[in-house]
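The file entry-v7.cif comes next; it holds mmCIF, C-alpha atoms.
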data_final
#
loop_
_atom_site.label_atom_id
_atom_site.label_comp_id
_atom_site.auth_asym_id
_atom_site.auth_seq_id
_atom_site.Cartn_x
_atom_site.Cartn_y
_atom_site.Cartn_z
CA MET A 1 -63.97 29.92 34.06
CA LYS A 2 -62.18 26.91 35.58
CA TYR A 3 -63.21 23.38 34.65
CA TYR A 4 -62.26 20.48 36.90
CA LEU A 5 -61.80 16.93 35.62
CA TYR A 6 -62.39 14.64 38.60
CA HIS A 7 -62.23 10.92 39.32
CA ILE A 8 -64.31 9.01 41.84
CA PRO A 9 -62.42 5.68 41.93
CA GLY A 10 -64.58 2.78 40.86
CA LYS A 11 -67.47 5.10 40.01
CA LYS A 12 -66.93 7.69 37.32
CA ILE A 13 -64.92 10.37 35.54
CA GLY A 14 -66.63 13.74 35.37
CA VAL A 15 -66.24 17.45 34.75
CA THR A 16 -67.62 20.34 36.80
CA THR A 17 -67.03 24.00 37.48
CA ASP A 18 -67.90 23.58 41.17
CA LEU A 19 -66.45 20.56 42.99
CA LYS A 20 -68.07 21.36 46.32
CA GLU A 21 -71.56 21.71 44.85
CA ARG A 22 -71.45 18.94 42.25
CA VAL A 23 -69.29 16.25 43.83
CA GLU A 24 -69.62 16.85 47.55
CA ARG A 25 -73.13 18.21 47.99
CA GLN A 26 -75.00 16.67 45.08
CA GLN A 27 -73.19 13.34 44.87
CA GLY A 28 -72.30 13.04 48.56
CA TYR A 29 -68.54 12.38 48.39
CA ASP A 30 -65.91 13.71 50.81
CA LYS A 31 -62.77 15.38 49.52
CA SER A 32 -60.82 12.23 50.39
CA GLU A 33 -63.08 10.14 48.13
CA TYR A 34 -62.32 11.82 44.81
CA GLN A 35 -59.31 13.09 42.89
CA VAL A 36 -58.91 16.19 40.76
CA ILE A 37 -57.06 15.04 37.66
CA MET A 38 -56.74 18.43 36.04
CA SER A 39 -58.05 21.98 36.12
CA THR A 40 -58.11 24.16 33.05
CA SER A 41 -59.94 27.05 31.42
CA ASP A 42 -59.96 25.14 28.10
CA ILE A 43 -63.40 23.55 27.80
CA ASP A 44 -62.45 21.75 24.57
CA LEU A 45 -59.46 20.08 26.22
CA VAL A 46 -61.30 19.00 29.37
CA SER A 47 -64.21 17.67 27.29
CA GLU A 48 -61.91 15.48 25.19
CA LYS A 49 -59.97 14.27 28.25
CA GLU A 50 -63.16 13.26 30.05
CA ILE A 51 -64.28 10.99 27.22
CA SER A 52 -60.84 9.44 26.69
CA LEU A 53 -60.42 8.63 30.40
CA GLN A 54 -63.95 7.21 30.64
CA LYS A 55 -63.06 4.82 27.83
CA ALA A 56 -59.62 3.99 29.22
CA LEU A 57 -60.91 3.19 32.72
CA GLY A 58 -64.02 1.31 31.59
CA TYR A 59 -66.62 3.75 32.94
CA ARG A 60 -69.87 4.73 31.27
CA VAL A 61 -68.97 7.00 28.36
CA ASP A 62 -71.01 10.18 27.98
CA ARG A 63 -72.94 10.39 24.73
CA LYS A 64 -72.10 14.08 24.30
CA LEU A 65 -68.99 16.09 25.05
CA TYR A 66 -69.14 18.21 28.20
CA LYS A 67 -68.76 21.38 26.12
CA ASP A 68 -71.97 20.48 24.25
CA LEU A 69 -73.88 19.94 27.51
CA TYR A 70 -72.49 22.70 29.68
CA LYS A 71 -74.71 25.71 30.22
CA PRO A 72 -73.26 28.26 32.63
CA VAL A 73 -75.40 29.60 35.44
CA ASN A 74 -76.63 33.03 34.46
CA GLN A 75 -76.19 35.30 37.47
CA ILE A 76 -78.41 38.34 37.22
CA THR A 77 -78.19 41.25 39.65
CA ILE A 78 -80.96 43.83 39.67
CA ASN A 79 -81.59 46.25 42.53
CA ASN A 80 -79.05 44.37 44.67
CA MET A 81 -80.83 41.00 44.27
CA ARG A 82 -78.67 38.36 42.61
CA ILE A 83 -80.64 35.48 41.14
CA ASN A 84 -79.17 32.36 39.57
CA VAL A 85 -80.84 31.19 36.37
CA THR A 86 -80.10 27.69 35.11
CA GLU A 87 -81.77 25.66 32.37
CA MET A 88 -84.44 24.36 34.76
CA THR A 89 -84.71 26.78 37.69
CA THR A 90 -84.46 30.34 38.94
CA THR A 91 -82.97 30.49 42.44
CA PHE A 92 -83.50 33.40 44.84
CA PRO A 93 -80.82 34.21 47.45
CA CYS A 94 -83.08 34.29 50.50
CA PRO A 95 -85.30 32.01 52.62
CA VAL A 96 -88.95 31.61 51.65
CA ASN A 97 -90.21 33.63 54.61
CA LYS A 98 -88.34 36.72 53.35
CA LEU A 99 -88.90 36.23 49.64
CA LYS A 100 -92.19 38.09 49.21
CA GLY A 101 -90.85 41.25 50.79
CA GLN A 102 -87.78 41.19 48.57
CA LEU A 103 -89.84 40.56 45.45
CA MET A 104 -92.21 43.46 46.25
CA ASP A 105 -89.17 45.74 46.08
CA LYS A 106 -88.24 44.33 42.65
CA ILE A 107 -91.53 44.76 40.74
CA GLY A 108 -90.70 45.40 37.10
CA MET A 109 -87.58 43.19 37.17
CA GLN A 110 -87.42 40.87 34.12
CA TRP A 111 -85.04 38.19 32.84
CA GLU A 112 -84.76 35.50 30.20
CA THR A 113 -84.88 31.74 30.82
CA ASP A 114 -84.51 28.84 28.38
CA SER A 115 -88.29 28.47 28.56
CA GLY A 116 -89.01 32.13 27.80
CA PRO A 117 -89.09 35.56 29.48
CA VAL A 118 -90.29 36.00 33.07
CA GLY A 119 -90.63 38.93 35.42
CA ILE A 120 -91.82 40.28 38.73
CA THR A 121 -95.36 41.67 38.86
CA LYS A 122 -97.89 41.66 41.68
CA LYS A 123 -99.57 38.63 40.12
CA SER A 124 -96.36 36.75 39.46
CA ILE A 125 -95.28 37.28 43.08
CA GLU A 126 -98.45 35.47 44.16
CA TRP A 127 -97.62 32.61 41.79
CA ILE A 128 -94.01 32.44 42.98
CA MET A 129 -95.06 32.26 46.62
CA ASP A 130 -97.51 29.45 45.81
CA ASN A 131 -94.92 27.44 43.88
CA VAL A 132 -91.54 28.25 45.43
CA LYS A 133 -89.49 25.39 46.87
CA VAL A 134 -86.77 25.42 49.51
CA SER A 135 -83.32 24.46 48.26
CA GLN A 136 -82.38 20.94 49.27
CA TYR A 137 -78.92 22.21 50.24
CA THR A 138 -79.68 25.27 52.36
CA GLN A 139 -82.70 26.96 53.94
CA ASP A 140 -81.29 30.32 52.81
CA ARG A 141 -82.15 29.77 49.13
CA CYS A 142 -85.34 28.90 47.30
CA TYR A 143 -86.28 28.33 43.68
CA VAL A 144 -89.03 27.97 41.08
CA TYR A 145 -89.12 25.91 37.89
CA ASN A 146 -88.58 28.08 34.81
CA LYS A 147 -90.88 26.10 32.53
CA ALA A 148 -93.90 26.54 34.80
CA PHE A 149 -93.02 30.14 35.66
CA SER A 150 -92.61 31.11 32.00
CA ARG A 151 -95.94 29.56 31.07
CA TYR A 152 -97.69 31.35 33.92
CA TYR A 153 -96.02 34.66 33.04
CA ASP A 154 -97.12 34.31 29.43
CA ASN A 155 -100.70 33.56 30.48
CA HIS A 156 -100.83 36.50 32.91
CA HIS A 157 -98.76 39.08 31.09
CA ASP A 158 -99.77 42.32 32.79
CA HIS A 159 -97.69 44.73 30.72
CA ARG A 160 -99.14 43.46 27.43
CA LEU A 161 -102.62 44.17 28.74
CA ASP A 162 -101.57 47.68 29.74
CA ASN A 163 -101.20 48.50 26.03
CA ALA A 164 -104.60 46.97 25.30
CA TYR A 165 -106.29 49.08 27.97
CA GLN A 166 -104.62 52.22 26.63
CA MET A 167 -106.20 51.42 23.24
CA ASN A 168 -109.61 51.09 24.99
CA LEU A 169 -109.80 47.43 24.10
CA ILE A 170 -112.12 45.15 26.05
CA ASP A 171 -110.30 42.44 28.00
CA GLN A 172 -112.51 39.43 27.30
CA TYR A 173 -110.32 37.19 29.47
CA ASN A 174 -110.76 39.06 32.79
CA GLY A 175 -107.20 40.28 32.99
CA LYS A 176 -105.61 37.07 31.72
CA THR A 177 -103.89 36.58 28.38
CA ARG A 178 -103.61 33.32 26.50
CA SER A 179 -100.39 31.80 25.18
CA GLY A 180 -100.13 31.06 21.48
CA ALA A 181 -100.22 33.22 18.35
CA LEU A 182 -100.35 37.01 18.61
CA SER A 183 -103.71 38.58 17.89
CA SER A 184 -104.06 41.83 16.01
CA ALA A 185 -104.16 43.61 19.37
CA GLY A 186 -100.80 42.16 20.33
CA VAL A 187 -102.26 39.86 22.97
CA ARG A 188 -101.25 36.21 22.80
CA GLN A 189 -104.18 33.87 22.31
CA LYS A 190 -104.83 30.15 21.93
CA PRO A 191 -107.94 27.98 21.70
CA PRO A 192 -109.99 28.13 24.93
CA MET A 193 -109.05 25.78 27.76
CA ASP A 194 -111.21 24.59 30.61
CA PHE A 195 -108.73 25.74 33.24
CA GLU A 196 -105.67 27.88 33.68
CA CYS A 197 -102.29 26.23 33.90
CA CYS A 198 -100.52 25.81 37.22
CA ASP A 199 -103.25 26.73 39.69
CA GLU A 200 -103.69 25.14 43.08
CA LYS A 201 -106.67 23.02 42.01
CA ASN A 202 -105.10 21.60 38.84
CA PRO A 203 -101.70 19.90 38.53
CA CYS A 204 -99.22 21.91 36.52
CA GLU A 205 -99.48 20.83 32.91
CA CYS A 206 -96.35 22.76 31.94
CA MET A 207 -93.92 20.28 33.51
CA SER A 208 -93.39 16.89 31.95
CA GLN A 209 -94.31 13.74 33.83
CA PHE A 210 -90.58 13.07 34.22
CA ASP A 211 -90.13 16.52 35.82
CA LEU A 212 -92.91 15.72 38.30
CA ILE A 213 -91.33 12.35 39.16
CA ARG A 214 -87.94 13.99 39.75
CA GLU A 215 -89.51 16.70 41.88
CA TRP A 216 -91.28 14.03 43.96
CA ALA A 217 -88.01 12.14 44.40
CA TYR A 218 -86.01 15.27 45.29
CA GLU A 219 -88.48 16.26 47.97
CA ARG A 220 -88.18 12.82 49.57
CA GLY A 221 -84.38 12.73 49.53
CA LEU A 222 -84.17 9.82 47.11
CA TYR A 223 -81.36 11.41 45.12
CA ASP A 224 -79.42 12.29 48.25
CA LYS A 225 -79.68 8.93 49.99
CA GLY A 226 -80.91 6.57 47.28
CA ASP A 227 -78.85 3.59 46.15
CA VAL A 228 -78.42 2.46 42.55
CA LYS A 229 -78.40 -1.24 43.48
CA THR A 230 -81.57 -0.90 45.54
CA GLN A 231 -83.36 0.91 42.74
CA THR A 232 -82.23 -1.75 40.25
CA LEU A 233 -83.69 -4.47 42.45
CA LYS A 234 -86.85 -2.38 42.75
CA LEU A 235 -87.08 -2.33 38.96
CA ILE A 236 -86.89 -6.14 38.80
CA GLU A 237 -89.59 -6.36 41.46
CA GLU A 238 -91.90 -4.04 39.49
CA ALA A 239 -91.22 -5.94 36.25
CA GLY A 240 -92.26 -9.11 38.05
CA GLU A 241 -95.51 -7.41 39.02
CA ILE A 242 -96.18 -6.68 35.35
CA CYS A 243 -95.54 -10.32 34.44
CA ARG A 244 -98.01 -11.51 37.07
CA ALA A 245 -100.60 -8.99 35.91
CA VAL A 246 -100.19 -10.07 32.27
CA LEU A 247 -100.68 -13.73 33.19
CA LYS A 248 -103.86 -12.80 35.06
CA ASN A 249 -104.97 -10.42 32.28
CA ASP A 250 -105.38 -7.74 34.97
CA LYS A 251 -105.31 -4.49 32.99
CA GLU A 252 -105.44 -2.25 36.07
CA GLN A 253 -102.37 -3.93 37.55
CA ILE A 254 -100.59 -3.88 34.17
CA ILE A 255 -101.04 -0.10 34.04
CA ASP A 256 -99.89 0.22 37.65
CA GLY A 257 -96.83 -1.97 37.06
CA ILE A 258 -95.74 -0.15 33.91
CA GLY A 259 -96.16 3.20 35.64
CA ASP A 260 -94.11 2.01 38.62
CA CYS A 261 -91.35 0.87 36.25
CA VAL A 262 -91.26 4.28 34.58
CA VAL A 263 -90.91 5.96 37.99
CA VAL A 264 -88.08 3.62 39.02
CA LEU A 265 -86.30 4.03 35.67
CA THR A 266 -86.53 7.82 35.93
CA ASN A 267 -84.94 7.75 39.36
CA LEU A 268 -82.39 5.11 38.38
CA ALA A 269 -81.24 7.32 35.51
CA GLU A 270 -80.93 10.33 37.81
CA LEU A 271 -78.88 8.33 40.33
CA ASN A 272 -76.52 7.46 37.47
CA ASN A 273 -76.16 11.15 36.57
CA VAL A 274 -78.12 10.93 33.33
CA SER A 275 -81.69 11.87 32.50
CA ILE A 276 -84.40 9.44 31.46
CA GLU A 277 -84.96 11.61 28.39
CA ASP A 278 -81.33 11.06 27.29
CA CYS A 279 -81.74 7.32 27.82
CA ILE A 280 -84.87 7.28 25.66
CA ASP A 281 -83.14 9.36 22.98
CA ALA A 282 -80.19 6.95 22.96
CA ALA A 283 -82.47 3.94 22.65
CA TYR A 284 -84.50 5.48 19.87
CA GLU A 285 -81.38 6.55 18.02
CA GLU A 286 -80.26 2.92 18.08
CA ILE A 287 -83.54 1.41 16.92
CA SER A 288 -84.76 4.10 14.52
CA ASN A 289 -83.06 2.60 11.47
CA ARG A 290 -83.18 -1.02 12.61
CA THR A 291 -84.72 -3.57 10.26
CA GLY A 292 -86.11 -7.01 11.06
CA LYS A 293 -89.29 -9.04 11.19
CA MET A 294 -91.85 -10.42 13.61
CA VAL A 295 -91.20 -14.01 14.73
CA ASN A 296 -93.64 -15.69 17.16
CA GLY A 297 -94.82 -12.37 18.54
CA THR A 298 -91.31 -10.90 18.92
CA TYR A 299 -89.51 -8.43 16.65
CA VAL A 300 -86.19 -9.99 15.62
CA LYS A 301 -83.66 -7.57 14.16
CA ASN A 302 -81.63 -8.39 11.12
CA ASP A 303 -77.95 -9.19 11.66
#

Using structure tokens, write down the structure from this file.
Amino acid sequence: MKYYLYHIPGKKIGVTTDLKERVERQQGYDKSEYQVIMSTSDIDLVSEKEISLQKALGYRVDRKLYKDLYKPVNQITINNMRINVTEMTTTFPCPVNKLKGQLMDKIGMQWETDSGPVGITKKSIEWIMDNVKVSQYTQDRCYVYNKAFSRYYDNHHDHRLDNAYQMNLIDQYNGKTRSGALSSAGVRQKPPMDFECCDEKNPCECMSQFDLIREWAYERGLYDKGDVKTQTLKLIEEAGEICRAVLKNDKEQIIDGIGDCVVVLTNLAELNNVSIEDCIDAAYEEISNRTGKMVNGTYVKND
């Protein structure tokens, strides 16, 4: 595996295994706009160099070494179909209009994701076709989110029920299993819910609100064409809306303003190549052991 340490002058120092995908397609830079400082198969070396150069050139310094963040794409080939499995998504190597036919030929295919095992069954094909998204880079690839897919697969686990039927057990859930602890019959169960996860009438409860915001932004091209400065100004505008709502004691507008700020902050983080979750973790890590006292309605930290 080759790791490339690259420099976008005035912007950042970064590491990637795929310059064309990461720097050119995702970040939108031409070859003439970035420099490859080094290429190596030593992930420890490139991780240390990235941090040292970020500090030396005054760029934002990553909180974790690249080697601690890097998760290689897991390429799985079964029955001549090669799928790419990353932390968040499973990508299929075909356009959406040909996907169902290819999946029908792969019934029984299973693989692991960070969110749990998934596989191809007649039911899961229906779910995939309802939830698949076209790649933002090419019409010839499409993907699903692993977290939602894994939850669905767990809730509709056909092959577990096959064992139950063979034991002449009654399926009290009409062909659907429940995620949670294993029952004595080997079928996962959890306390009853009013609706199944990830159906067309109910928003998917498997994805976090941040995931949904990022999906919304991706679909509208915000991460391709968005501008950090514009989003920063947008944040100030939304904060001003909160201030006005507080002065008017308008709770509805306070809720709206805070929500808008969260959306802008989520996108602002993504445009800066970090996640909002990492930003929150960093902030909490800093304040978790902080001591101080309340002064005139404000918490003042100790020196």

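Closest approach to Ala148 in chain A from the set A:Thr232, A:Thr91, A:Ser208, A:Gln110 is made by A:Ser208, with distances taken over only C-alpha atoms.
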
Atomic separation - CA of Tyr223 in chain A relative to CA of Tyr6 in chain A, Å: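 Straight-line distance from CA of Tyr6 in chain A to CA of Tyr223 in chain A works out to 20.3 Å.
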
Nearby residues (all atoms listed in the file) at most 7 Å from range 121-137 of chain A, same-chain spacing under 3 positions excluded, as a VMD selection string: chain A and resid 96 100 103 107 to 108 141 to 144 153

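Residue nearest Gly226 in chain A, chosen from A:Val61, A:Leu271, A:Ile276, A:Leu53 and counting only C-alpha atoms: A:Leu271.
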
Residues returned when the PyMOL selection byres ((chain A and resi 225) around 12) runs on this file, as a ChimeraX atom specification: /A:25-29,217-224,226-228,230-231,267,271
